[in-house]
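Visitor: Take a look at final26.txt, compact mmCIF, C-alpha atoms:
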# COMPACT_ATOMS: atom_id res chain seq x y z
CA MET O 11 0.00 0.00 0.00
CA THR O 12 1.66 3.19 -1.22
CA PRO O 13 0.40 6.61 -2.33
CA ALA O 14 1.33 5.65 -5.88
CA ASP O 15 -1.50 3.07 -5.83
CA LEU O 16 -4.15 5.73 -5.16
CA PRO O 17 -6.13 7.73 -7.76
CA ARG O 18 -4.19 10.42 -9.61
CA ILE O 19 -5.48 13.95 -9.08
CA LEU O 20 -4.75 16.87 -11.37
CA PRO O 21 -4.83 20.48 -10.13
CA THR O 22 -7.78 22.47 -11.45
CA GLU O 23 -5.98 25.78 -11.97
CA ASP O 24 -6.33 27.18 -15.49
CA ALA O 25 -5.46 30.89 -15.60
CA ARG O 26 -7.28 31.55 -18.87
CA LEU O 27 -10.45 29.77 -17.78
CA ARG O 28 -10.35 31.57 -14.42
CA GLU O 29 -10.09 34.89 -16.24
CA ARG O 30 -13.05 34.06 -18.50
CA LEU O 31 -15.20 32.95 -15.58
CA GLN O 32 -14.39 36.07 -13.59
CA HIS O 33 -15.07 38.25 -16.64
CA ARG O 34 -18.54 36.71 -16.99
CA LEU O 35 -19.23 37.45 -13.33
CA ASP O 36 -17.87 40.99 -13.60
CA ARG O 37 -20.26 41.74 -16.51
CA LYS O 38 -23.35 40.72 -14.54
CA THR O 39 -25.79 43.44 -13.48
CA LYS O 40 -24.13 44.18 -10.15
CA PRO O 41 -21.19 46.09 -8.74
CA LEU O 42 -17.84 44.32 -9.09
CA GLY O 43 -17.49 41.62 -6.47
CA ALA O 44 -20.91 42.31 -4.99
CA LEU O 45 -21.79 38.61 -4.71
CA GLY O 46 -18.80 38.06 -2.48
CA ARG O 47 -17.86 34.46 -1.84
CA LEU O 48 -20.56 33.17 -4.18
CA GLU O 49 -18.42 34.49 -7.02
CA ALA O 50 -15.34 32.62 -5.82
CA LEU O 51 -17.48 29.50 -5.43
CA ALA O 52 -18.79 29.78 -8.99
CA VAL O 53 -15.24 30.16 -10.30
CA GLN O 54 -14.09 27.15 -8.28
CA ILE O 55 -16.88 24.97 -9.67
CA GLY O 56 -16.11 26.12 -13.21
CA LEU O 57 -12.46 25.18 -12.70
CA VAL O 58 -13.39 21.79 -11.22
CA GLN O 59 -15.54 21.04 -14.26
CA ALA O 60 -13.14 22.76 -16.69
CA THR O 61 -15.91 24.80 -18.29
CA GLU O 62 -17.35 28.33 -18.40
CA GLU O 63 -20.82 26.79 -18.01
CA PRO O 64 -20.70 24.48 -14.98
CA ALA O 65 -23.74 22.40 -14.09
CA LEU O 66 -24.52 20.36 -10.97
CA ARG O 67 -25.91 16.89 -11.73
CA ASP O 68 -27.37 14.25 -9.39
CA PRO O 69 -25.74 15.32 -6.12
CA GLN O 70 -25.00 12.35 -3.87
CA LEU O 71 -24.96 12.65 -0.07
CA VAL O 72 -23.13 9.63 1.34
CA VAL O 73 -22.93 8.93 5.08
CA PHE O 74 -20.10 6.54 6.03
CA ALA O 75 -20.61 4.74 9.36
CA GLY O 76 -18.22 2.80 11.56
CA ASP O 77 -17.55 1.86 15.16
CA HIS O 78 -14.37 2.53 17.13
CA GLY O 79 -12.63 0.33 19.66
CA LEU O 80 -11.46 3.50 21.36
CA ALA O 81 -15.06 4.13 22.46
CA ARG O 82 -14.64 1.38 25.06
CA GLN O 83 -12.36 3.81 26.93
CA GLY O 84 -15.29 6.15 27.62
CA VAL O 85 -14.32 8.95 25.21
CA SER O 86 -17.94 9.64 24.22
CA ALA O 87 -21.03 10.65 26.16
CA TYR O 88 -23.02 8.02 24.22
CA PRO O 89 -22.67 4.22 24.00
CA SER O 90 -21.44 2.54 20.81
CA ASP O 91 -24.91 1.09 20.10
CA VAL O 92 -25.94 4.58 19.01
CA THR O 93 -23.92 4.09 15.81
CA TRP O 94 -26.11 1.30 14.45
CA GLN O 95 -29.27 2.84 15.88
CA MET O 96 -28.56 6.09 14.03
CA VAL O 97 -27.89 4.17 10.82
CA GLU O 98 -31.40 2.72 11.17
CA ASN O 99 -32.68 6.25 11.80
CA PHE O 100 -30.99 7.52 8.61
CA LEU O 101 -32.54 4.71 6.59
CA ALA O 102 -35.98 5.29 8.13
CA GLY O 103 -35.78 8.96 7.17
CA GLY O 104 -35.87 10.33 10.73
CA ALA O 105 -32.44 11.89 11.19
CA ALA O 106 -31.58 15.54 10.61
CA VAL O 107 -29.61 14.70 7.50
CA SER O 108 -32.55 12.65 6.19
CA VAL O 109 -34.86 15.65 6.54
CA LEU O 110 -32.37 17.98 4.88
CA ALA O 111 -31.68 15.54 2.04
CA ARG O 112 -35.41 15.35 1.29
CA GLN O 113 -35.77 19.12 1.48
CA HIS O 114 -32.96 19.79 -0.97
CA GLY O 115 -33.45 16.84 -3.32
CA LEU O 116 -30.22 15.08 -2.41
CA ALA O 117 -29.88 11.34 -2.95
CA LEU O 118 -28.93 9.87 0.45
CA ARG O 119 -26.97 6.65 0.89
CA VAL O 120 -25.50 5.10 4.02
CA VAL O 121 -22.34 2.99 3.88
CA ASP O 122 -21.68 0.41 6.58
CA ALA O 123 -17.91 0.76 6.67
CA GLY O 124 -17.49 -1.15 9.92
CA VAL O 125 -20.46 -0.99 12.28
CA ALA O 126 -20.71 -3.53 15.10
CA HIS O 127 -24.13 -4.68 13.93
CA GLU O 128 -25.57 -6.79 11.12
CA PHE O 129 -28.00 -4.81 8.97
CA ALA O 130 -30.69 -6.25 6.77
CA PRO O 131 -30.04 -5.26 3.13
CA ARG O 132 -32.33 -2.53 1.87
CA GLU O 133 -32.61 0.47 -0.41
CA GLY O 134 -30.11 3.20 0.37
CA LEU O 135 -27.71 0.98 2.36
CA LEU O 136 -24.32 -0.10 1.01
CA ILE O 137 -22.75 -2.83 3.14
CA ARG O 138 -18.97 -2.54 2.82
CA LYS O 139 -18.08 -3.71 6.34
CA ILE O 140 -14.35 -4.26 6.88
CA ALA O 141 -14.84 -5.53 10.45
CA PRO O 142 -17.33 -4.86 13.29
CA GLY O 143 -15.43 -1.82 14.52
CA THR O 144 -11.74 -0.96 14.81
CA ALA O 145 -9.36 -2.06 17.54
CA ASP O 146 -8.65 0.19 20.52
CA ALA O 147 -6.10 2.76 19.32
CA SER O 148 -5.07 3.52 22.91
CA THR O 149 -3.28 0.15 23.04
CA GLY O 150 -2.07 -0.19 19.43
CA PRO O 151 -3.12 0.36 15.81
CA ALA O 152 -6.83 0.77 15.16
CA MET O 153 -6.51 -1.05 11.83
CA THR O 154 -4.07 -3.38 10.20
CA PRO O 155 -2.49 -2.08 6.99
CA VAL O 156 -4.58 -4.62 5.06
CA GLN O 157 -7.80 -3.37 6.66
CA CYS O 158 -6.89 0.25 6.00
CA TRP O 159 -6.14 -0.45 2.37
CA ALA O 160 -9.42 -2.38 2.01
CA ALA O 161 -11.32 0.59 3.44
CA LEU O 162 -9.59 3.03 1.09
CA GLN O 163 -10.41 0.78 -1.88
CA SER O 164 -14.03 0.46 -0.78
CA GLY O 165 -14.37 4.23 -0.64
CA ILE O 166 -12.93 4.48 -4.14
CA GLU O 167 -15.35 1.83 -5.42
CA VAL O 168 -18.37 3.47 -3.77
CA VAL O 169 -17.69 6.72 -5.66
CA ARG O 170 -17.07 4.87 -8.92
CA GLY O 171 -20.59 3.49 -8.64
CA LEU O 172 -22.30 6.83 -8.01
CA PRO O 173 -24.04 8.96 -10.64
CA GLY O 174 -23.67 12.71 -10.84
CA ASN O 175 -20.77 15.11 -10.42
CA VAL O 176 -21.10 16.15 -6.74
CA LEU O 177 -20.27 14.19 -3.59
CA LEU O 178 -21.50 15.49 -0.23
CA LEU O 179 -19.79 13.78 2.71
CA GLY O 180 -21.37 12.66 5.96
CA GLU O 181 -20.41 10.25 8.74
CA MET O 182 -21.60 8.44 11.83
CA GLY O 183 -19.58 6.65 14.48
CA ILE O 184 -19.47 6.92 18.26
CA GLY O 185 -15.86 7.77 19.12
CA ASN O 186 -15.00 9.27 15.75
CA THR O 187 -14.26 12.78 17.04
CA SER O 188 -11.42 11.07 18.94
CA ALA O 189 -10.09 9.46 15.76
CA ALA O 190 -10.35 12.79 13.92
CA ALA O 191 -8.50 14.60 16.71
CA LEU O 192 -5.72 12.00 16.68
CA LEU O 193 -5.26 12.29 12.93
CA LEU O 194 -5.19 16.07 13.10
CA ALA O 195 -2.65 16.07 15.94
CA ARG O 196 -0.38 13.65 14.12
CA LEU O 197 -0.60 14.95 10.54
CA ALA O 198 -0.74 18.66 11.41
CA GLN O 199 1.85 18.21 14.15
CA ALA O 200 -0.53 20.15 16.38
CA PRO O 201 -0.77 20.05 20.19
CA LEU O 202 -3.36 17.47 21.19
CA ALA O 203 -5.13 20.01 23.44
CA GLU O 204 -5.90 22.12 20.35
CA CYS O 205 -7.44 19.14 18.56
CA VAL O 206 -9.69 17.54 21.19
CA GLY O 207 -13.21 18.76 21.87
CA ARG O 208 -16.32 17.64 23.72
CA GLY O 209 -17.67 15.51 20.87
CA THR O 210 -21.19 14.38 21.69
CA GLY O 211 -21.26 16.59 24.79
CA LEU O 212 -18.69 15.57 27.40
CA ASP O 213 -18.50 17.55 30.62
CA ASP O 214 -15.19 18.93 31.92
CA ALA O 215 -14.21 15.69 33.64
CA GLY O 216 -15.10 13.70 30.55
CA LEU O 217 -13.04 16.01 28.38
CA MET O 218 -10.00 15.61 30.63
CA HIS O 219 -10.40 11.83 30.50
CA LYS O 220 -10.72 11.92 26.71
CA ARG O 221 -7.50 13.90 26.39
CA ALA O 222 -5.66 11.41 28.60
CA VAL O 223 -6.89 8.45 26.55
CA LEU O 224 -5.92 10.13 23.28
CA GLU O 225 -2.48 10.95 24.62
CA ARG O 226 -2.02 7.23 25.31
CA ALA O 227 -3.14 6.48 21.76
CA LEU O 228 -0.54 8.85 20.31
CA GLN O 229 2.17 7.27 22.45
CA ALA O 230 1.05 3.72 21.59
CA ASN O 231 1.30 4.58 17.87
CA ALA O 232 4.30 6.91 17.98
CA SER O 233 5.95 5.32 14.94
CA ALA O 234 2.90 5.84 12.67
CA VAL O 235 3.93 9.14 11.08
CA SER O 236 3.25 8.87 7.33
CA PRO O 237 -0.32 9.65 6.16
CA LEU O 238 -1.25 6.03 5.49
CA GLU O 239 0.43 4.75 8.65
CA ALA O 240 -1.36 7.39 10.71
CA LEU O 241 -4.70 6.59 9.08
CA ALA O 242 -4.34 2.90 9.89
CA ALA O 243 -3.09 3.43 13.44
CA LEU O 244 -5.34 6.28 14.55
CA GLY O 245 -8.31 6.47 12.19
CA GLY O 246 -11.53 4.58 11.66
CA PHE O 247 -13.04 2.51 8.88
CA GLU O 248 -15.46 5.30 7.96
CA ILE O 249 -12.66 7.89 7.86
CA ALA O 250 -10.49 5.63 5.71
CA MET O 251 -13.39 5.01 3.31
CA MET O 252 -14.10 8.74 3.12
CA THR O 253 -10.42 9.33 2.33
CA GLY O 254 -10.66 6.95 -0.62
CA ALA O 255 -13.96 8.53 -1.66
CA VAL O 256 -12.49 12.05 -1.64
CA LEU O 257 -9.48 10.97 -3.69
CA GLN O 258 -11.65 9.17 -6.26
CA ALA O 259 -14.15 12.04 -6.46
CA ALA O 260 -11.33 14.49 -7.17
CA HIS O 261 -9.86 12.09 -9.72
CA GLU O 262 -13.24 12.12 -11.51
CA ARG O 263 -13.43 15.93 -11.21
CA ARG O 264 -16.46 15.82 -8.95
CA LEU O 265 -17.10 18.65 -6.52
CA VAL O 266 -16.68 17.46 -2.91
CA VAL O 267 -18.74 19.15 -0.19
CA VAL O 268 -17.04 18.55 3.17
CA ASP O 269 -19.27 18.62 6.24
CA GLY O 270 -17.45 19.11 9.54
CA PHE O 271 -14.71 17.82 11.82
CA ILE O 272 -14.75 14.10 11.04
CA THR O 273 -15.26 14.41 7.30
CA GLY O 274 -12.55 17.07 7.46
CA ALA O 275 -10.17 14.53 9.01
CA ALA O 276 -10.54 12.40 5.87
CA VAL O 277 -9.61 15.45 3.82
CA VAL O 278 -6.58 16.06 6.07
CA VAL O 279 -5.35 12.56 5.17
CA ALA O 280 -6.22 12.98 1.48
CA HIS O 281 -4.47 16.37 1.42
CA ALA O 282 -1.33 14.85 2.97
CA LEU O 283 -1.35 12.29 0.15
CA ALA O 284 -2.32 14.68 -2.68
CA PRO O 285 -2.36 18.42 -1.79
CA GLN O 286 -4.23 19.31 -4.99
CA VAL O 287 -7.33 17.56 -3.63
CA LEU O 288 -8.29 20.86 -1.95
CA ASP O 289 -9.05 22.33 -5.38
CA TYR O 290 -12.13 20.09 -5.47
CA CYS O 291 -13.37 20.66 -1.91
CA VAL O 292 -15.96 23.10 -0.61
CA PHE O 293 -15.95 23.31 3.17
CA ALA O 294 -19.51 23.66 4.41
CA HIS O 295 -19.27 25.10 7.90
CA ARG O 296 -17.14 25.78 10.95
CA SER O 297 -18.15 23.29 13.63
CA GLU O 298 -18.43 24.01 17.34
CA GLU O 299 -16.04 21.09 17.89
CA SER O 300 -12.97 22.99 19.09
CA GLY O 301 -10.46 21.11 16.94
CA HIS O 302 -12.26 22.11 13.75
CA ARG O 303 -10.83 25.62 13.79
CA ARG O 304 -7.34 24.16 14.04
CA MET O 305 -8.15 21.77 11.20
CA LEU O 306 -9.42 24.50 8.88
CA ALA O 307 -6.35 26.61 9.66
CA HIS O 308 -4.07 23.66 8.91
CA LEU O 309 -5.71 23.22 5.51
CA GLY O 310 -5.78 26.98 4.88
CA VAL O 311 -9.48 27.01 3.97
CA GLU O 312 -12.52 29.08 4.92
CA PRO O 313 -15.93 27.41 5.34
CA LEU O 314 -19.07 28.87 3.82
CA VAL O 315 -21.00 29.39 7.07
CA ASP O 316 -20.71 29.22 10.84
CA LEU O 317 -23.99 28.06 12.40
CA ARG O 318 -22.51 26.64 15.61
CA LEU O 319 -23.35 23.12 14.44
CA ARG O 320 -21.84 20.02 16.05
CA LEU O 321 -24.11 17.30 14.72
CA GLY O 322 -22.18 15.66 11.90
CA GLU O 323 -24.10 13.24 9.64
CA GLY O 324 -23.49 15.50 6.64
CA SER O 325 -26.06 17.96 7.99
CA GLY O 326 -23.85 20.99 7.37
CA ALA O 327 -23.08 19.86 3.83
CA ALA O 328 -26.80 19.54 3.11
CA LEU O 329 -27.54 22.95 4.61
CA VAL O 330 -25.10 24.78 2.33
CA TRP O 331 -26.24 22.96 -0.81
CA PRO O 332 -28.62 25.82 -1.81
CA LEU O 333 -25.69 28.28 -1.67
CA ILE O 334 -23.71 26.08 -4.05
CA VAL O 335 -26.67 25.80 -6.41
CA SER O 336 -27.20 29.56 -6.27
CA SER O 337 -23.58 30.29 -7.22
CA VAL O 338 -23.90 28.23 -10.39
CA LYS O 339 -27.33 29.61 -11.30
CA LEU O 340 -26.15 33.19 -10.88
CA LEU O 341 -23.25 32.53 -13.24
CA ALA O 342 -25.55 30.90 -15.79
CA GLU O 343 -28.76 32.92 -15.59
CA MET O 344 -28.06 36.41 -14.28
CA ALA O 345 -28.21 39.04 -17.01
CA SER O 346 -25.18 40.99 -18.14
CA PHE O 347 -25.18 44.77 -18.47
CA GLU O 348 -25.30 44.34 -22.26
CA SER O 349 -28.16 41.81 -22.39
CA ALA O 350 -30.28 43.70 -19.86
CA GLY O 351 -29.66 47.13 -21.33
CA VAL O 352 -28.41 48.42 -17.99
CA SER O 353 -25.84 51.18 -17.88
CA ASP O 354 -22.40 50.15 -16.64
CA ARG O 355 -20.18 52.24 -14.45
CA SER O 356 -19.23 55.65 -15.87
What does the file become when written as structure tokens?
Guide:
Amino acid sequence: MTPADLPRILPTEDARLRERLQHRLDRKTKPLGALGRLEALAVQIGLVQATEEPALRDPQLVVFAGDHGLARQGVSAYPSDVTWQMVENFLAGGAAVSVLARQHGLALRVVDAGVAHEFAPREGLLIRKIAPGTADASTGPAMTPVQCWAALQSGIEVVRGLPGNVLLLGEMGIGNTSAAALLLARLAQAPLAECVGRGTGLDDAGLMHKRAVLERALQANASAVSPLEALAALGGFEIAMMTGAVLQAAHERRLVVVDGFITGAAVVVAHALAPQVLDYCVFAHRSEESGHRRMLAHLGVEPLVDLRLRLGEGSGAALVWPLIVSSVKLLAEMASFESAGVSDRS
């Protein structure tokens, strides 16, 4: 398993196309730059699709779910059974992300990447289980290299089988804020205290305990320093699958809408493997999870909104979908000064 075996990603930058896209925006019936970040978003999507007339087709919201052995150390306010119970809730249409997907016309799929539960096959569920949860990273690697590679490959294959040209990322897994914090600390070389937050709602004592457990995990996996080694030692099956999904989506020139802290951890790994992957990513929101600010700073990106969310599931990605649609529609449908017969600046 080496980075050379992963999908090849080309940078999107094309100076001439960027200039043409910006010129189209500048000729719209508005003051220069008046649409703010929506203009930059429209340009980014045009560059991703390599066209002056980008279009968004069949957006796919995929929630990757997995359990974590680390949860046995009490790093979450909720028991591990909540992972499979929430998967059932997604499939029944009762979760926040289910409501938002219906509202915005997003196809919703759930991937069992490694949940400690056997699900009955049904519409909207992709069973790609590597194992019923990872090992406890506080005592050694969460995954074997073979398991990690299998999860990466599964993520790649999931995206290959999806229609459309947009992937919206979501996740579910009790204990996965711990895995995300560990990956951020290791790959960003950041102090653990800046990466660890309250997750599902730990109190002060719970947060102190969580930090102590994660410090043991870093020490137990001190030799796992490369991106793939760190992913195997400190990550989760759902994070590894999302990493593969992000890399494949960028390879196919799909737009990737990144939800929050845990989906962002997959992008941190993907970025360490292929920095140009950021060209394809739109970061939905700034989470209330304290490590998310450090993560966004590490990647050098600015999210679209800050709604003080800390839910996960892909809920933030779904919420910003109308902004993404609006940016493309404004580029395509807004009149120019010439076509509308409006006087330009003197």
Visitor: Any idea what the distance is between atom CA of O:Leu179 and atom CA of O:Ala260?
Guide: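 Pair atom CA of O:Leu179 / atom CA of O:Ala260 returns 13.0 Å.
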Visitor: At a cut-off of 12 Å, using all atoms listed in the file, what residues contact O:Pro201? Leave out same-chain residues fewer than 3 positions from it and give the result as a PDB file with C-alpha atoms, in the frame of the given file.
Guide:
ATOM      1  CA  ALA O 191      -8.500  14.600  16.710  1.00  0.00           C
ATOM      2  CA  LEU O 192      -5.720  12.000  16.680  1.00  0.00           C
ATOM      3  CA  LEU O 193      -5.260  12.290  12.930  1.00  0.00           C
ATOM      4  CA  LEU O 194      -5.190  16.070  13.100  1.00  0.00           C
ATOM      5  CA  ALA O 195      -2.650  16.070  15.940  1.00  0.00           C
ATOM      6  CA  ARG O 196      -0.380  13.650  14.120  1.00  0.00           C
ATOM      7  CA  LEU O 197      -0.600  14.950  10.540  1.00  0.00           C
ATOM      8  CA  ALA O 198      -0.740  18.660  11.410  1.00  0.00           C
ATOM      9  CA  GLU O 204      -5.900  22.120  20.350  1.00  0.00           C
ATOM     10  CA  CYS O 205      -7.440  19.140  18.560  1.00  0.00           C
ATOM     11  CA  VAL O 206      -9.690  17.540  21.190  1.00  0.00           C
ATOM     12  CA  ARG O 221      -7.500  13.900  26.390  1.00  0.00           C
ATOM     13  CA  LEU O 224      -5.920  10.130  23.280  1.00  0.00           C
ATOM     14  CA  GLU O 225      -2.480  10.950  24.620  1.00  0.00           C
ATOM     15  CA  LEU O 228      -0.540   8.850  20.310  1.00  0.00           C
ATOM     16  CA  GLY O 301     -10.460  21.110  16.940  1.00  0.00           C
ATOM     17  CA  ARG O 304      -7.340  24.160  14.040  1.00  0.00           C
ATOM     18  CA  MET O 305      -8.150  21.770  11.200  1.00  0.00           C
TER      19      MET O 305
END
Visitor: Neighbouring residues of O:Ser346 were defined as those with any atom within 12 Å, considering all atoms listed in the file; residues of the same chain fewer than 2 positions away were excluded. Please report them as number ranges by chain.
Guide: O: 33-41, 340-344, 348-354
Visitor: As an NGL selection string, please: the residues near stretch 307-315 of chain O (cut-off 8 Å, all atoms listed in the file, same-chain neighbours under 4 positions excluded).
Guide: :O and (198 or 278 or 292-296 or 303 or 330)
Visitor: Within 9 Å of stretch 287-290 of chain O, counting all atoms listed in the file, which residues show up once you throw out same-chain ones fewer than 3 positions away? Write them as a CSV table (one decimal) with C-alpha atoms, keeping the file's coordinate frame, please.
Guide:
chain,number,residue,atom,x,y,z
O,19,ILE,CA,-5.5,14.0,-9.1
O,20,LEU,CA,-4.8,16.9,-11.4
O,21,PRO,CA,-4.8,20.5,-10.1
O,22,THR,CA,-7.8,22.5,-11.4
O,23,GLU,CA,-6.0,25.8,-12.0
O,54,GLN,CA,-14.1,27.2,-8.3
O,55,ILE,CA,-16.9,25.0,-9.7
O,57,LEU,CA,-12.5,25.2,-12.7
O,58,VAL,CA,-13.4,21.8,-11.2
O,256,VAL,CA,-12.5,12.0,-1.6
O,257,LEU,CA,-9.5,11.0,-3.7
O,259,ALA,CA,-14.2,12.0,-6.5
O,260,ALA,CA,-11.3,14.5,-7.2
O,261,HIS,CA,-9.9,12.1,-9.7
O,263,ARG,CA,-13.4,15.9,-11.2
O,264,ARG,CA,-16.5,15.8,-9.0
O,265,LEU,CA,-17.1,18.6,-6.5
O,266,VAL,CA,-16.7,17.5,-2.9
O,267,VAL,CA,-18.7,19.2,-0.2
O,277,VAL,CA,-9.6,15.4,3.8
O,280,ALA,CA,-6.2,13.0,1.5
O,281,HIS,CA,-4.5,16.4,1.4
O,283,LEU,CA,-1.4,12.3,0.2
O,284,ALA,CA,-2.3,14.7,-2.7
O,309,LEU,CA,-5.7,23.2,5.5
O,311,VAL,CA,-9.5,27.0,4.0
Visitor: Please, which residues in stretch 42-128 of chain O fall within 8 Å of stretch 135-144 of chain O when counting only C-alpha atoms, and what is the closest atom pair and distance in Å to one decimal for each, ordered by chain then residue number, as JSON lines?
Guide:
{"residue": "O:Gly76", "atom": "CA", "partner": "O:Gly143", "partner_atom": "CA", "distance": 6.2}
{"residue": "O:Asp77", "atom": "CA", "partner": "O:Gly143", "partner_atom": "CA", "distance": 4.3}
{"residue": "O:His78", "atom": "CA", "partner": "O:Thr144", "partner_atom": "CA", "distance": 4.9}
{"residue": "O:Gly79", "atom": "CA", "partner": "O:Thr144", "partner_atom": "CA", "distance": 5.1}
{"residue": "O:Leu80", "atom": "CA", "partner": "O:Thr144", "partner_atom": "CA", "distance": 7.9}
{"residue": "O:Leu101", "atom": "CA", "partner": "O:Leu135", "partner_atom": "CA", "distance": 7.4}
{"residue": "O:Arg119", "atom": "CA", "partner": "O:Leu135", "partner_atom": "CA", "distance": 5.9}
{"residue": "O:Val120", "atom": "CA", "partner": "O:Leu135", "partner_atom": "CA", "distance": 5.0}
{"residue": "O:Val121", "atom": "CA", "partner": "O:Leu136", "partner_atom": "CA", "distance": 4.7}
{"residue": "O:Asp122", "atom": "CA", "partner": "O:Ile137", "partner_atom": "CA", "distance": 4.8}
{"residue": "O:Ala123", "atom": "CA", "partner": "O:Lys139", "partner_atom": "CA", "distance": 4.5}
{"residue": "O:Gly124", "atom": "CA", "partner": "O:Lys139", "partner_atom": "CA", "distance": 4.4}
{"residue": "O:Val125", "atom": "CA", "partner": "O:Pro142", "partner_atom": "CA", "distance": 5.1}
{"residue": "O:Ala126", "atom": "CA", "partner": "O:Pro142", "partner_atom": "CA", "distance": 4.1}
{"residue": "O:His127", "atom": "CA", "partner": "O:Pro142", "partner_atom": "CA", "distance": 6.8}
Visitor: Could you tell me how far atom CA of O:Gly183 sits from atom CA of O:Leu162, in Å to one decimal place?
Guide: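 Going from atom CA of O:Leu162 over to atom CA of O:Gly183, I get 17.1 Å.
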Visitor: Which of these residues is nearest to O:Leu241, using only C-alpha atoms: O:Ala152, O:Phe271, O:Leu321, O:Gly185?
Guide: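 Result for the nearest residue to O:Leu241: O:Ala152.
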